[in-house]
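These notes are about the structure you will find just below.
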Amino acid sequence: MADQWFETVAIAQQRAKRRLPKSVYSSLISASEKGITVADNVAAFSELGFAPHVVGAVDNRDLSTTVMGQDISLPVVISPTGVQAVDPEGEVAVARAAAARGTAMGLSSFASKPIEEVVAANPKIFFQLYWLGDRDAIAQRVERARQAGAVGLIVTTDWTFSHGRDWGSPKIPEQMNLRTITRLAPEAIARPRWLWKFGKTLRPPNLRVPNQGQRGEPGPRFFAAYGEWMGTPAPTWDDIAWLRDLWGGPFMLKGVMRVDDAKRAVDAGVSAISVSNHGGNNLDGTPASIRALAPIAEAVGGQIEVLLDGGIRRGSDVVKAVALGARAVMIGRAYLWGLAASGQSGVENVLDILRGGIDSALMGLGRSAVGDLRPDDLLIPGGFTRELGMVQPRNA
Ligand SMILES: Cc1cc2nc3c(=O)[nH]c(=O)nc-3n(C[C@H](O)[C@H](O)[C@H](O)COP(=O)(O)O)c2cc1C
């Protein structure tokens, strides 16, 4: 509907805030501790400028590329996120939107919809795994994803279980029983549109994680799975190489911030990495992912695909990341806000905003394709880049 259309991601965020119960909205904002990293993820993009040409714009600019073997119509992929129960159609709506706009999607281990339904809505699904349970349990989940038709695996190993937030964390209920509904009622009644969306389905938000269980079963409750995850020893590089061999197909390690880790990921046989700090939800004080990108892309970009996620709110942010060496970016909050604002069409709207912004920036820069973007299209202030995990020269 025309009145639902929004022209920036910031407006989608405002609508999400207006439409969602307070605790649901704050679970989308997430972040950790003091919020240093989440703020820097966005602020760092503002420090980068453009060096546009005045004459020489090219018609028919090509935004397409490939990621992990999938053709995508713009260099933007849906990053896996675990709270899409903000909308009754959740990940299925997001998958449809991504398919309608010609792109791929990462599906979280903590998603609210079974992978089989999500792949039916969009065949370009990368299943995201956390290191949870023993190798046998992980192998079973990988096998289920393969059977379902996932075309790639994303492994996220950067989580630190850091929970405190200076502004207070939302209470995620263990289950949507009468007690929880009564507790949330005042907030939910203040958000009738959201309440009606779920009311129509006659089902409360799904707080189970179906992809942690067997196909066709509801899966464990969120906190049971989370508890098991907390009790699982963190993976080693050998575990990553084992999983990569087990999967055998396109494989991304998400959360790389250091050059030495990027090189180890190459040695472990990955096909892609995402330079990422988990959207600032994790180890607070980690710099913005865009600051760490260029040295990593320089070190390993010739061997594997380098993506970036964290802080993307505009098409021009995508262009900045690609100019600094990313093949594509992944987005998190931007599409979650679109989903909360107006479901599938809200996610399509966000992808259209990004497409329009990428196209405008290419036009201004006189580039005919995203693959032609170079660092000299940008104005990069001194001290912008953070070279994490570079071997220091002797006597430096
Ligand atoms: C609410 C929320 C839930 C997330 N859940 C997951 C998850 O289940 N798995 C994962 O790999 N990353 C998860 N992420 C991180 C995103 O995939 C991505 O790295 C991050 O959102 C990018 O930053 P942005 O939100 O600024 O775009 C989550 C992020 C948010 C905001």
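Chain lettering (A, B, ...) mirrors the order of the structure tokens, residue numbering begins at 1 for each chain separately, and ligand numbering begins at 1 in order of display.
Residues within 10 Å of A:Lys22, counting only C-alpha atoms and excluding same-chain residues fewer than 3 positions away, are Ala16, Lys17, Arg18, Arg19, Tyr25, Ser26, Ser27, Pro170, Leu184, Glu187, Ala188, Ala190 and Arg191 of chain A.
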Each residue of chain A with at least one atom at most 7 Å from ligand 1 should appear once, together with its nearest atom pair and the corresponding distance in Å (one decimal); atoms considered: only C-alpha atoms and all ligand atoms; ordering: chain, then increasing residue number; output as a Markdown table.
```
| residue | atom | partner | partner_atom_place_in_ligand_line | distance |
| --- | --- | --- | --- | --- |
| A:Ser27 | CA | ligand 1 | 1 (C) | 5.8 |
| A:Leu28 | CA | ligand 1 | 1 (C) | 4.1 |
| A:Ile29 | CA | ligand 1 | 31 (C) | 5.8 |
| A:Ser30 | CA | ligand 1 | 1 (C) | 5.8 |
| A:Asn41 | CA | ligand 1 | 26 (O) | 6.7 |
| A:Ser79 | CA | ligand 1 | 17 (O) | 4.3 |
| A:Pro80 | CA | ligand 1 | 17 (O) | 4.4 |
| A:Thr81 | CA | ligand 1 | 5 (N) | 3.3 |
| A:Gly82 | CA | ligand 1 | 8 (O) | 3.9 |
| A:Val83 | CA | ligand 1 | 1 (C) | 5.6 |
| A:Ser108 | CA | ligand 1 | 8 (O) | 4.5 |
| A:Ser109 | CA | ligand 1 | 8 (O) | 6.0 |
| A:Phe110 | CA | ligand 1 | 8 (O) | 5.3 |
| A:Ala111 | CA | ligand 1 | 8 (O) | 6.9 |
| A:Gln128 | CA | ligand 1 | 11 (O) | 6.2 |
| A:Thr156 | CA | ligand 1 | 11 (O) | 4.9 |
| A:Lys254 | CA | ligand 1 | 11 (O) | 6.8 |
| A:Ser276 | CA | ligand 1 | 19 (O) | 6.0 |
| A:Asn277 | CA | ligand 1 | 19 (O) | 6.6 |
| A:His278 | CA | ligand 1 | 19 (O) | 3.8 |
| A:Gly279 | CA | ligand 1 | 23 (O) | 3.4 |
| A:Gly280 | CA | ligand 1 | 23 (O) | 7.0 |
| A:Asn281 | CA | ligand 1 | 29 (C) | 7.0 |
| A:Asp309 | CA | ligand 1 | 22 (C) | 4.8 |
| A:Gly310 | CA | ligand 1 | 23 (O) | 3.3 |
| A:Gly311 | CA | ligand 1 | 26 (O) | 3.6 |
| A:Ile312 | CA | ligand 1 | 27 (O) | 5.2 |
| A:Met330 | CA | ligand 1 | 27 (O) | 6.7 |
| A:Ile331 | CA | ligand 1 | 27 (O) | 4.1 |
| A:Gly332 | CA | ligand 1 | 21 (O) | 3.6 |
| A:Arg333 | CA | ligand 1 | 25 (O) | 3.8 |
| A:Ala334 | CA | ligand 1 | 27 (O) | 6.0 |
```
Closest pair table for stretch 16-128 of chain A residues within 6 Å of stretch 340-357 of chain A, only C-alpha atoms, as a Markdown table:
```
| residue | atom | partner | partner_atom | distance |
| --- | --- | --- | --- | --- |
| A:Ala16 | CA | A:Ala341 | CA | 4.8 |
| A:Ala93 | CA | A:Gln344 | CA | 4.7 |
| A:Val94 | CA | A:Gln344 | CA | 5.8 |
| A:Ala97 | CA | A:Glu348 | CA | 5.1 |
```
Could you turn the residues from that selection into a file that holds N, CA and C atoms, as an mmCIF file, in the first residue's frame?
```
data_model
loop_
_atom_site.group_PDB
_atom_site.id
_atom_site.type_symbol
_atom_site.label_atom_id
_atom_site.label_comp_id
_atom_site.auth_asym_id
_atom_site.auth_seq_id
_atom_site.Cartn_x
_atom_site.Cartn_y
_atom_site.Cartn_z
ATOM 1 N N ALA A 16 9.044 0.749 13.018
ATOM 2 C CA ALA A 16 9.191 -0.466 13.830
ATOM 3 C C ALA A 16 9.013 -0.106 15.305
ATOM 4 N N ALA A 93 8.583 -14.643 5.246
ATOM 5 C CA ALA A 93 8.332 -13.347 4.603
ATOM 6 C C ALA A 93 9.645 -12.740 4.107
ATOM 7 N N VAL A 94 10.680 -12.863 4.913
ATOM 8 C CA VAL A 94 11.980 -12.295 4.520
ATOM 9 C C VAL A 94 12.529 -13.039 3.299
ATOM 10 N N ALA A 97 10.745 -11.927 0.220
ATOM 11 C CA ALA A 97 11.184 -10.578 -0.173
ATOM 12 C C ALA A 97 12.551 -10.649 -0.856
#
```
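These are the residues of stretch 151-390 of chain A assigned strand (DSSP E) by DSSP from backbone coordinates: Gly152, Leu153, Ile154, Val155, Thr156, Phe251, Met252, Leu253, Lys254, Gly255, Val256, Ala272, Ile273, Ser274, Val275, Glu305, Val306, Leu307, Leu308, Asp309, Ala328, Val329, Met330, Ile331, Leu378 and Leu379 of chain A.
Comparing A:Ala328, A:Ala51, A:Ala292, A:Ala148 by their smallest distance to A:Leu74, the closest is A:Ala328 (using only C-alpha atoms).
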Quiz item: Within 9 Å of A:Leu307, counting only C-alpha atoms, which residues qualify if same-chain residues fewer than 2 places away don't, as a PyMOL selection string?
Solution: chain A and resi 67+254+272-276+293+297+305+309+321-322+325-330
With C-alpha atoms retained, export the selected residues as a CSV table (one decimal), in the first residue's frame.
```
chain,number,residue,atom,x,y,z
A,67,VAL,CA,28.1,-14.8,-3.5
A,254,LYS,CA,31.2,-15.0,9.9
A,272,ALA,CA,34.1,-16.9,2.3
A,273,ILE,CA,34.3,-14.8,5.4
A,274,SER,CA,32.2,-11.9,6.7
A,275,VAL,CA,34.1,-9.2,8.4
A,276,SER,CA,31.7,-8.6,11.2
A,293,LEU,CA,37.8,-4.5,6.2
A,297,ALA,CA,40.5,-7.8,1.9
A,305,GLU,CA,35.2,-14.1,-0.9
A,309,ASP,CA,28.2,-6.8,7.8
A,321,ALA,CA,32.2,-1.3,1.7
A,322,VAL,CA,32.5,-2.6,-1.8
A,325,GLY,CA,37.2,-4.6,-0.9
A,326,ALA,CA,34.0,-6.4,0.1
A,327,ARG,CA,32.3,-8.5,-2.6
A,328,ALA,CA,29.0,-7.8,-1.0
A,329,VAL,CA,27.5,-6.9,2.3
A,330,MET,CA,25.0,-8.5,4.6
```
Quiz item: Near A:Val92, counting only C-alpha atoms, which residues have an atom at most 7 Å away, once you skip same-chain residues fewer than 2 positions from it, shown as a VMD selection string?
Solution: chain A and resid 89 to 90 94 to 96 117 to 118 121
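The nearest approach to A:Ile115 among the residues A:Val209, A:Ala234, A:Val77, A:Val86, with only C-alpha atoms taken into account, belongs to A:Val209.
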Give me, as a short mmCIF file (atom, residue, chain, number, x, y, z; two decimals) with N, CA and C atoms, in the first residue's frame, all polymer residues having an atom no more than 9 Å from A:Val155, counting only C-alpha atoms and skipping those fewer than 4 positions away in the same chain.
```cif
data_model
loop_
_atom_site.label_atom_id
_atom_site.label_comp_id
_atom_site.auth_asym_id
_atom_site.auth_seq_id
_atom_site.Cartn_x
_atom_site.Cartn_y
_atom_site.Cartn_z
N PHE A 127 22.42 -21.75 5.31
CA PHE A 127 22.02 -22.06 6.69
C PHE A 127 23.13 -21.64 7.65
N GLN A 128 22.76 -20.92 8.70
CA GLN A 128 23.76 -20.45 9.67
C GLN A 128 23.78 -21.33 10.90
N LEU A 129 24.96 -21.75 11.27
CA LEU A 129 25.14 -22.64 12.42
C LEU A 129 25.91 -21.95 13.53
N TYR A 130 25.48 -22.17 14.75
CA TYR A 130 26.31 -21.86 15.90
C TYR A 130 26.95 -23.18 16.34
N TRP A 131 28.07 -23.08 17.06
CA TRP A 131 28.74 -24.29 17.53
C TRP A 131 28.03 -24.76 18.80
N ILE A 240 36.58 -26.26 12.73
CA ILE A 240 36.09 -25.52 11.56
C ILE A 240 36.44 -26.28 10.28
N PHE A 251 31.07 -22.27 1.99
CA PHE A 251 31.16 -22.25 3.45
C PHE A 251 31.71 -20.89 3.90
N MET A 252 30.96 -20.22 4.74
CA MET A 252 31.39 -18.90 5.23
C MET A 252 31.66 -18.93 6.73
N LEU A 253 32.77 -18.31 7.13
CA LEU A 253 33.00 -18.07 8.56
C LEU A 253 32.64 -16.61 8.81
N LYS A 254 31.67 -16.40 9.69
CA LYS A 254 31.15 -15.05 9.94
C LYS A 254 31.74 -14.54 11.26
N GLY A 255 32.17 -13.27 11.24
CA GLY A 255 32.64 -12.68 12.49
C GLY A 255 34.13 -12.41 12.52
#
```
Practice problem: Can you work out which one of A:Met363, A:Met257, A:Met105, A:Leu324 has the shortest atom-to-atom distance to A:Val119, counting only C-alpha atoms? | Solution: A:Met105
Quiz item: Out of A:Ala294, A:Ala85, A:Ile154, A:Leu336, which residue has the shortest atom-to-atom distance to A:Thr385 when counting only C-alpha atoms?
Solution: A:Ala294
Exercise. Once DSSP has gone over the backbone, tell me which residues of stretch 107-313 of chain A are in alpha helix (DSSP H), as a PyMOL selection string.
Key: chain A and resi 115-121+135-148+178-189+192-201+222-230+237-247+259-267+289-300
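Across the structure, atom CA of A:Arg141 and atom CA of A:Trp247 are spaced 10.7 Å apart.
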Practice problem: Mind checking which residues fall within 8 Å of A:Asp359, counting only C-alpha atoms, ignoring those fewer than 6 positions away in the same chain, and posting them as a ChimeraX atom specification? | Solution: /A:61,63,315
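In this structure, atom CA of A:Asn60 sits 22.7 Å away from atom CA of A:Ala104.
With only C-alpha atoms as the basis for measurement, A:Thr286 is the residue among A:Ser46, A:Thr286, A:Ser73, A:Asn211 that approaches A:Ser32 most closely.
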